[in-house]
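As provided, query_18.cif (mmCIF, N, CA and C atoms) reads as follows.
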```
data_data
loop_
_atom_site.label_atom_id
_atom_site.label_comp_id
_atom_site.auth_asym_id
_atom_site.auth_seq_id
_atom_site.Cartn_x
_atom_site.Cartn_y
_atom_site.Cartn_z
N MET A 1 23.81 7.13 -47.45
CA MET A 1 22.49 6.82 -46.98
C MET A 1 22.49 6.82 -45.45
N ALA A 2 21.48 7.43 -44.87
CA ALA A 2 21.39 7.54 -43.41
C ALA A 2 20.91 6.22 -42.80
N ASP A 3 21.38 5.96 -41.59
CA ASP A 3 20.90 4.79 -40.85
C ASP A 3 19.47 5.05 -40.38
N GLY A 4 18.74 3.97 -40.16
CA GLY A 4 17.38 4.09 -39.67
C GLY A 4 17.35 4.28 -38.16
N LEU A 5 16.17 4.49 -37.65
CA LEU A 5 15.98 4.65 -36.22
C LEU A 5 14.81 3.78 -35.79
N ASN A 6 15.04 2.91 -34.85
CA ASN A 6 14.01 2.03 -34.34
C ASN A 6 13.88 2.32 -32.84
N ARG A 7 13.05 3.29 -32.49
CA ARG A 7 12.90 3.70 -31.10
C ARG A 7 11.43 3.95 -30.81
N VAL A 8 10.96 3.41 -29.69
CA VAL A 8 9.59 3.58 -29.26
C VAL A 8 9.59 4.18 -27.86
N MET A 9 8.76 5.19 -27.64
CA MET A 9 8.54 5.76 -26.31
C MET A 9 7.04 5.82 -26.11
N ALA A 10 6.56 5.27 -25.01
CA ALA A 10 5.12 5.25 -24.78
C ALA A 10 4.83 5.40 -23.29
N ILE A 11 3.72 6.07 -22.99
CA ILE A 11 3.22 6.19 -21.63
C ILE A 11 1.82 5.61 -21.62
N GLY A 12 1.57 4.71 -20.67
CA GLY A 12 0.25 4.11 -20.60
C GLY A 12 0.08 3.33 -19.31
N ASN A 13 -1.07 2.66 -19.22
CA ASN A 13 -1.41 1.87 -18.04
C ASN A 13 -1.43 0.40 -18.40
N LEU A 14 -0.90 -0.44 -17.50
CA LEU A 14 -0.92 -1.88 -17.74
C LEU A 14 -2.36 -2.38 -17.77
N GLY A 15 -2.65 -3.21 -18.78
CA GLY A 15 -3.98 -3.78 -18.92
C GLY A 15 -4.20 -4.98 -18.02
N ALA A 16 -3.13 -5.60 -17.57
CA ALA A 16 -3.19 -6.76 -16.67
C ALA A 16 -1.83 -6.87 -15.98
N ASP A 17 -1.75 -7.70 -14.96
CA ASP A 17 -0.46 -7.93 -14.31
C ASP A 17 0.52 -8.50 -15.33
N ALA A 18 1.79 -8.13 -15.20
CA ALA A 18 2.82 -8.65 -16.10
C ALA A 18 2.92 -10.16 -15.96
N GLU A 19 3.11 -10.83 -17.08
CA GLU A 19 3.20 -12.29 -17.11
C GLU A 19 4.67 -12.69 -17.16
N MET A 20 5.04 -13.67 -16.32
CA MET A 20 6.42 -14.17 -16.32
C MET A 20 6.52 -15.40 -17.20
N VAL A 21 7.47 -15.36 -18.13
CA VAL A 21 7.72 -16.49 -19.01
C VAL A 21 9.20 -16.83 -18.87
N SER A 22 9.49 -18.08 -18.56
CA SER A 22 10.89 -18.49 -18.44
C SER A 22 11.29 -19.31 -19.65
N THR A 23 12.42 -18.94 -20.22
CA THR A 23 13.00 -19.74 -21.30
C THR A 23 14.11 -20.57 -20.68
N ASN A 24 14.95 -21.16 -21.49
CA ASN A 24 16.02 -22.02 -20.97
C ASN A 24 16.89 -21.33 -19.93
N SER A 25 17.39 -20.16 -20.25
CA SER A 25 18.30 -19.51 -19.32
C SER A 25 17.93 -18.06 -19.02
N TYR A 26 16.81 -17.58 -19.56
CA TYR A 26 16.40 -16.19 -19.35
C TYR A 26 14.99 -16.12 -18.81
N SER A 27 14.73 -15.06 -18.07
CA SER A 27 13.34 -14.81 -17.67
C SER A 27 12.83 -13.61 -18.48
N VAL A 28 11.56 -13.65 -18.78
CA VAL A 28 10.94 -12.62 -19.62
C VAL A 28 9.65 -12.17 -18.95
N ARG A 29 9.43 -10.88 -18.93
CA ARG A 29 8.16 -10.31 -18.50
C ARG A 29 7.44 -9.82 -19.73
N LYS A 30 6.18 -10.23 -19.87
CA LYS A 30 5.36 -9.75 -20.98
C LYS A 30 4.19 -9.00 -20.40
N PHE A 31 3.90 -7.85 -20.97
CA PHE A 31 2.76 -7.05 -20.53
C PHE A 31 2.30 -6.15 -21.67
N ARG A 32 1.08 -5.65 -21.52
CA ARG A 32 0.51 -4.73 -22.51
C ARG A 32 0.13 -3.44 -21.81
N ILE A 33 0.41 -2.33 -22.48
CA ILE A 33 -0.02 -1.04 -21.92
C ILE A 33 -1.00 -0.39 -22.89
N GLY A 34 -1.97 0.26 -22.32
CA GLY A 34 -2.95 1.01 -23.09
C GLY A 34 -2.54 2.47 -23.12
N CYS A 35 -2.31 2.98 -24.33
CA CYS A 35 -1.92 4.37 -24.52
C CYS A 35 -3.12 5.11 -25.11
N SER A 36 -3.68 6.01 -24.32
CA SER A 36 -4.90 6.71 -24.74
C SER A 36 -4.60 8.11 -25.22
N GLU A 37 -5.40 8.55 -26.16
CA GLU A 37 -5.35 9.93 -26.63
C GLU A 37 -6.78 10.39 -26.85
N SER A 38 -7.00 11.68 -26.71
CA SER A 38 -8.34 12.20 -26.95
C SER A 38 -8.26 13.20 -28.10
N TYR A 39 -9.37 13.35 -28.78
CA TYR A 39 -9.44 14.25 -29.93
C TYR A 39 -10.87 14.70 -30.13
N LEU A 40 -11.05 15.74 -30.94
CA LEU A 40 -12.39 16.21 -31.28
C LEU A 40 -12.78 15.64 -32.64
N ASP A 41 -13.96 15.05 -32.71
CA ASP A 41 -14.42 14.51 -33.99
C ASP A 41 -15.04 15.62 -34.84
N ARG A 42 -15.60 15.26 -35.98
CA ARG A 42 -16.18 16.26 -36.89
C ARG A 42 -17.32 17.05 -36.26
N ASN A 43 -18.00 16.45 -35.29
CA ASN A 43 -19.12 17.10 -34.61
C ASN A 43 -18.68 17.85 -33.36
N LYS A 44 -17.38 18.05 -33.21
CA LYS A 44 -16.79 18.74 -32.07
C LYS A 44 -17.06 18.03 -30.74
N GLN A 45 -17.23 16.71 -30.80
CA GLN A 45 -17.41 15.90 -29.61
C GLN A 45 -16.07 15.27 -29.24
N ARG A 46 -15.74 15.30 -27.95
CA ARG A 46 -14.48 14.72 -27.51
C ARG A 46 -14.58 13.20 -27.56
N GLN A 47 -13.61 12.57 -28.21
CA GLN A 47 -13.52 11.12 -28.35
C GLN A 47 -12.20 10.66 -27.75
N GLU A 48 -12.18 9.42 -27.31
CA GLU A 48 -10.94 8.85 -26.79
C GLU A 48 -10.64 7.55 -27.52
N ARG A 49 -9.37 7.38 -27.85
CA ARG A 49 -8.92 6.18 -28.56
C ARG A 49 -7.74 5.60 -27.78
N THR A 50 -7.77 4.28 -27.62
CA THR A 50 -6.70 3.59 -26.90
C THR A 50 -6.02 2.60 -27.82
N GLU A 51 -4.71 2.68 -27.90
CA GLU A 51 -3.89 1.71 -28.64
C GLU A 51 -3.20 0.82 -27.62
N TRP A 52 -3.25 -0.49 -27.85
CA TRP A 52 -2.61 -1.44 -26.94
C TRP A 52 -1.25 -1.83 -27.49
N VAL A 53 -0.23 -1.68 -26.65
CA VAL A 53 1.15 -1.93 -27.04
C VAL A 53 1.66 -3.14 -26.26
N SER A 54 2.11 -4.17 -26.98
CA SER A 54 2.69 -5.36 -26.35
C SER A 54 4.16 -5.10 -26.05
N CYS A 55 4.56 -5.40 -24.83
CA CYS A 55 5.93 -5.13 -24.39
C CYS A 55 6.58 -6.39 -23.84
N VAL A 56 7.89 -6.50 -24.03
CA VAL A 56 8.69 -7.62 -23.53
C VAL A 56 9.88 -7.04 -22.79
N LEU A 57 10.09 -7.51 -21.56
CA LEU A 57 11.18 -7.04 -20.73
C LEU A 57 12.01 -8.25 -20.30
N TRP A 58 13.27 -8.30 -20.73
CA TRP A 58 14.13 -9.45 -20.52
C TRP A 58 15.00 -9.29 -19.27
N GLY A 59 15.36 -10.42 -18.68
CA GLY A 59 16.43 -10.50 -17.68
C GLY A 59 16.11 -9.98 -16.30
N LYS A 60 17.16 -9.53 -15.63
CA LYS A 60 17.11 -9.14 -14.23
C LYS A 60 16.16 -7.96 -13.99
N ARG A 61 16.11 -7.03 -14.92
CA ARG A 61 15.23 -5.88 -14.76
C ARG A 61 13.78 -6.33 -14.66
N GLY A 62 13.41 -7.27 -15.52
CA GLY A 62 12.05 -7.81 -15.48
C GLY A 62 11.75 -8.50 -14.17
N GLU A 63 12.73 -9.23 -13.64
CA GLU A 63 12.56 -9.90 -12.35
C GLU A 63 12.40 -8.88 -11.23
N ALA A 64 13.21 -7.82 -11.27
CA ALA A 64 13.17 -6.80 -10.22
C ALA A 64 11.86 -6.01 -10.24
N LEU A 65 11.31 -5.78 -11.41
CA LEU A 65 10.08 -4.99 -11.53
C LEU A 65 8.82 -5.81 -11.35
N CYS A 66 8.97 -7.11 -11.15
CA CYS A 66 7.84 -8.04 -11.04
C CYS A 66 6.75 -7.53 -10.11
N GLN A 67 7.11 -7.10 -8.92
CA GLN A 67 6.12 -6.72 -7.92
C GLN A 67 5.44 -5.39 -8.23
N TYR A 68 5.98 -4.61 -9.17
CA TYR A 68 5.43 -3.29 -9.45
C TYR A 68 4.59 -3.24 -10.73
N LEU A 69 4.76 -4.22 -11.61
CA LEU A 69 4.04 -4.20 -12.89
C LEU A 69 2.68 -4.88 -12.74
N ASN A 70 1.76 -4.15 -12.13
CA ASN A 70 0.42 -4.66 -11.86
C ASN A 70 -0.61 -3.92 -12.70
N LYS A 71 -1.75 -4.56 -12.87
CA LYS A 71 -2.83 -3.98 -13.66
C LYS A 71 -3.13 -2.55 -13.21
N GLY A 72 -3.19 -1.65 -14.18
CA GLY A 72 -3.51 -0.26 -13.91
C GLY A 72 -2.33 0.64 -13.65
N THR A 73 -1.16 0.07 -13.36
CA THR A 73 0.02 0.88 -13.06
C THR A 73 0.41 1.71 -14.27
N ARG A 74 0.68 2.99 -14.04
CA ARG A 74 1.09 3.91 -15.12
C ARG A 74 2.60 3.83 -15.29
N VAL A 75 3.05 3.58 -16.52
CA VAL A 75 4.47 3.43 -16.81
C VAL A 75 4.87 4.17 -18.07
N TYR A 76 6.14 4.51 -18.11
CA TYR A 76 6.79 5.00 -19.33
C TYR A 76 7.70 3.87 -19.78
N VAL A 77 7.58 3.46 -21.03
CA VAL A 77 8.48 2.44 -21.57
C VAL A 77 9.22 3.00 -22.77
N GLU A 78 10.44 2.54 -22.91
CA GLU A 78 11.27 2.93 -24.05
C GLU A 78 11.95 1.68 -24.56
N GLY A 79 12.02 1.54 -25.86
CA GLY A 79 12.65 0.36 -26.43
C GLY A 79 12.62 0.40 -27.94
N SER A 80 12.67 -0.78 -28.55
CA SER A 80 12.66 -0.87 -30.01
C SER A 80 11.63 -1.91 -30.45
N LEU A 81 11.15 -1.78 -31.68
CA LEU A 81 10.15 -2.69 -32.22
C LEU A 81 10.80 -3.95 -32.76
N ARG A 82 10.17 -5.09 -32.50
CA ARG A 82 10.58 -6.38 -33.07
C ARG A 82 9.33 -7.08 -33.57
N THR A 83 9.40 -7.58 -34.79
CA THR A 83 8.30 -8.35 -35.37
C THR A 83 8.79 -9.78 -35.55
N SER A 84 7.96 -10.72 -35.12
CA SER A 84 8.30 -12.13 -35.27
C SER A 84 7.09 -12.86 -35.85
N SER A 85 7.34 -14.04 -36.37
CA SER A 85 6.25 -14.83 -36.94
C SER A 85 6.17 -16.18 -36.24
N TYR A 86 5.00 -16.79 -36.30
CA TYR A 86 4.80 -18.10 -35.69
C TYR A 86 3.67 -18.81 -36.41
N GLU A 87 3.64 -20.11 -36.26
CA GLU A 87 2.58 -20.95 -36.83
C GLU A 87 1.65 -21.38 -35.71
N PRO A 88 0.37 -21.01 -35.76
CA PRO A 88 -0.56 -21.45 -34.72
C PRO A 88 -0.75 -22.97 -34.75
N LYS A 89 -1.09 -23.54 -33.62
CA LYS A 89 -1.27 -24.98 -33.51
C LYS A 89 -2.43 -25.48 -34.36
N ASP A 90 -3.40 -24.61 -34.65
CA ASP A 90 -4.55 -25.04 -35.45
C ASP A 90 -4.24 -25.06 -36.95
N GLY A 91 -3.01 -24.67 -37.33
CA GLY A 91 -2.59 -24.72 -38.72
C GLY A 91 -3.25 -23.70 -39.63
N SER A 92 -3.72 -22.59 -39.05
CA SER A 92 -4.45 -21.59 -39.83
C SER A 92 -3.54 -20.64 -40.62
N GLY A 93 -2.26 -20.89 -40.65
CA GLY A 93 -1.34 -20.06 -41.43
C GLY A 93 -0.44 -19.22 -40.55
N LYS A 94 0.58 -18.67 -41.17
CA LYS A 94 1.58 -17.89 -40.46
C LYS A 94 0.96 -16.62 -39.89
N ARG A 95 1.31 -16.32 -38.65
CA ARG A 95 0.87 -15.10 -37.96
C ARG A 95 2.08 -14.27 -37.59
N TYR A 96 1.87 -12.98 -37.47
CA TYR A 96 2.93 -12.06 -37.11
C TYR A 96 2.54 -11.29 -35.86
N LYS A 97 3.54 -10.96 -35.04
CA LYS A 97 3.29 -10.11 -33.88
C LYS A 97 4.43 -9.10 -33.77
N THR A 98 4.06 -7.91 -33.38
CA THR A 98 5.04 -6.84 -33.18
C THR A 98 5.01 -6.45 -31.71
N GLU A 99 6.20 -6.40 -31.10
CA GLU A 99 6.33 -6.08 -29.69
C GLU A 99 7.40 -5.02 -29.51
N VAL A 100 7.31 -4.34 -28.38
CA VAL A 100 8.37 -3.42 -27.99
C VAL A 100 9.32 -4.19 -27.06
N VAL A 101 10.56 -4.31 -27.47
CA VAL A 101 11.59 -4.89 -26.60
C VAL A 101 12.08 -3.74 -25.72
N VAL A 102 11.69 -3.79 -24.46
CA VAL A 102 11.86 -2.67 -23.54
C VAL A 102 13.30 -2.58 -23.05
N SER A 103 13.87 -1.38 -23.15
CA SER A 103 15.21 -1.14 -22.62
C SER A 103 15.17 -0.25 -21.38
N ASN A 104 14.06 0.46 -21.17
CA ASN A 104 13.93 1.35 -20.03
C ASN A 104 12.47 1.40 -19.58
N VAL A 105 12.25 1.32 -18.28
CA VAL A 105 10.91 1.43 -17.69
C VAL A 105 10.99 2.44 -16.57
N ILE A 106 10.04 3.36 -16.55
CA ILE A 106 9.92 4.30 -15.43
C ILE A 106 8.51 4.16 -14.88
N LEU A 107 8.41 3.87 -13.59
CA LEU A 107 7.11 3.78 -12.93
C LEU A 107 6.66 5.21 -12.63
N LEU A 108 5.50 5.57 -13.16
CA LEU A 108 5.02 6.94 -13.02
C LEU A 108 4.12 7.12 -11.80
N GLY A 109 3.79 6.05 -11.14
CA GLY A 109 3.01 6.15 -9.91
C GLY A 109 1.53 6.25 -10.18
N GLY A 110 0.78 5.61 -9.32
CA GLY A 110 -0.68 5.68 -9.39
C GLY A 110 -1.25 4.89 -10.54
N LYS A 111 -2.57 4.89 -10.57
CA LYS A 111 -3.31 4.25 -11.64
C LYS A 111 -4.03 5.33 -12.41
N ARG A 112 -4.60 5.00 -13.54
CA ARG A 112 -5.27 5.99 -14.38
C ARG A 112 -6.29 6.78 -13.56
N GLY A 113 -6.22 8.08 -13.68
CA GLY A 113 -7.16 8.94 -12.98
C GLY A 113 -6.73 9.33 -11.58
N GLU A 114 -5.74 8.66 -11.02
CA GLU A 114 -5.24 9.01 -9.70
C GLU A 114 -4.18 10.08 -9.82
N ARG A 115 -4.06 10.89 -8.80
CA ARG A 115 -2.98 11.86 -8.73
C ARG A 115 -2.22 11.60 -7.43
N SER A 116 -0.93 11.53 -7.52
CA SER A 116 -0.13 11.41 -6.31
C SER A 116 1.08 12.30 -6.47
N GLU A 117 1.80 12.51 -5.38
CA GLU A 117 2.96 13.38 -5.46
C GLU A 117 4.01 12.83 -6.40
N SER A 118 4.08 11.51 -6.55
CA SER A 118 5.10 10.91 -7.41
C SER A 118 4.67 10.81 -8.86
N SER A 119 3.44 11.23 -9.17
CA SER A 119 2.96 11.05 -10.53
C SER A 119 3.28 12.23 -11.43
N GLY A 120 4.12 13.14 -10.95
CA GLY A 120 4.51 14.25 -11.80
C GLY A 120 3.45 15.32 -11.85
N GLY A 121 3.56 16.19 -12.84
CA GLY A 121 2.57 17.24 -13.01
C GLY A 121 3.00 18.54 -12.38
N GLY A 122 4.00 18.53 -11.53
CA GLY A 122 4.50 19.76 -10.95
C GLY A 122 3.50 20.40 -10.01
N GLY A 123 3.74 21.64 -9.72
CA GLY A 123 2.83 22.39 -8.88
C GLY A 123 3.20 22.34 -7.42
N GLY A 124 3.40 21.19 -6.88
CA GLY A 124 3.85 21.04 -5.51
C GLY A 124 2.85 21.49 -4.46
N GLY A 125 1.61 21.80 -4.84
CA GLY A 125 0.60 22.18 -3.88
C GLY A 125 0.69 23.62 -3.42
N TYR A 126 1.43 24.46 -4.11
CA TYR A 126 1.56 25.85 -3.71
C TYR A 126 0.42 26.67 -4.31
N SER A 127 0.01 27.69 -3.60
CA SER A 127 -1.03 28.57 -4.11
C SER A 127 -0.39 29.89 -4.56
N ASP A 128 -1.19 30.73 -5.21
CA ASP A 128 -0.68 32.02 -5.67
C ASP A 128 -0.19 32.89 -4.52
N GLU A 129 -0.82 32.76 -3.34
CA GLU A 129 -0.41 33.56 -2.19
C GLU A 129 1.01 33.23 -1.76
N ASP A 130 1.47 32.00 -2.00
CA ASP A 130 2.83 31.61 -1.63
C ASP A 130 3.88 32.37 -2.42
N TYR A 131 3.48 32.94 -3.54
CA TYR A 131 4.40 33.68 -4.39
C TYR A 131 4.16 35.18 -4.32
N GLY A 132 3.42 35.61 -3.32
CA GLY A 132 3.22 37.04 -3.12
C GLY A 132 2.05 37.62 -3.90
N ALA A 133 1.30 36.83 -4.63
CA ALA A 133 0.17 37.34 -5.38
C ALA A 133 -1.01 37.53 -4.44
N LYS A 134 -1.62 38.71 -4.51
CA LYS A 134 -2.78 39.00 -3.69
C LYS A 134 -3.89 39.47 -4.62
N ASP A 135 -5.10 39.13 -4.26
CA ASP A 135 -6.24 39.61 -5.03
C ASP A 135 -6.84 40.77 -4.26
N ASP A 136 -6.44 41.98 -4.63
CA ASP A 136 -6.97 43.16 -3.95
C ASP A 136 -8.07 43.83 -4.77
N GLY A 137 -8.59 43.14 -5.79
CA GLY A 137 -9.69 43.65 -6.57
C GLY A 137 -9.27 44.59 -7.68
N ASP A 138 -8.01 44.95 -7.78
CA ASP A 138 -7.54 45.85 -8.82
C ASP A 138 -7.06 45.04 -10.01
N ASP A 139 -7.57 45.33 -11.22
CA ASP A 139 -7.18 44.59 -12.41
C ASP A 139 -5.84 45.01 -12.97
N VAL A 140 -5.31 46.17 -12.55
CA VAL A 140 -4.05 46.67 -13.06
C VAL A 140 -2.91 46.03 -12.27
N PRO A 141 -1.96 45.37 -12.97
CA PRO A 141 -0.92 44.62 -12.26
C PRO A 141 0.17 45.48 -11.65
N PHE A 142 0.12 46.85 -11.77
CA PHE A 142 1.19 47.67 -11.19
C PHE A 142 0.63 48.84 -10.45
#
```

Turn the structure described in the file into structure tokens.
Amino acid sequence: MADGLNRVMAIGNLGADAEMVSTNSYSVRKFRIGCSESYLDRNKQRQERTEWVSCVLWGKRGEALCQYLNKGTRVYVEGSLRTSSYEPKDGSGKRYKTEVVVSNVILLGGKRGERSESSGGGGGGYSDEDYGAKDDGDDVPF
């Protein structure tokens, strides 16, 4: 029987500044990222759907990234899923939560809708003329 795989990779924007929670001997950063996707509905209208992913970042890495994990920041997170249960104080019954225990974070730069040199996408600002392409009005490439 094959072993399972518990791996999550997500790209999204922080919905709020990361929250610092200190336990007895560890520090924890908690944050949520919104991962959006767009699709065409039955009427061929473009729709957008956002899934919110709860993330937990333990230890020194969380402390070091504190100043960068701000609302709107675009990040790539990688980690594994953990589900835990708890009893609310109002006694309404057992609740469950699923979080990504983050093992890797990459800051992608900028906020949603912004473009910067560090946000990827390639291109480097070069035009076709930089590669020797000229528009001389002839449609034949040779």

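Checking A:Phe31, A:Trp58, A:Tyr39, A:Tyr68 one by one against Val102 in chain A, counting all atoms listed in the file, you find the shortest gap at A:Trp58.
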
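Interatomic distance, CA of Ser22 in chain A to CA of Ser54 in chain A: 17.4 Å.
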
task: Determine, counting only N, CA and C atoms, which protein, DNA and RNA residues have an atom within 5 Å of an atom of Glu37 in chain A; residues of the same chain fewer than 2 positions away are not included. Present the result as a PyMOL selection string.
output: chain A and resi 35+39+48-49

- request: Go ahead and compute the interatomic distance for atom C of Ile11 in chain A and atom C of Val56 in chain A, in Å to one decimal.
  value: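 Pair atom C of Ile11 in chain A / atom C of Val56 in chain A returns 15.0 Å.
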
query: CA of Glu63 in chain A and CA of Ser25 in chain A, how far apart in Å?
result: 13.2 Å
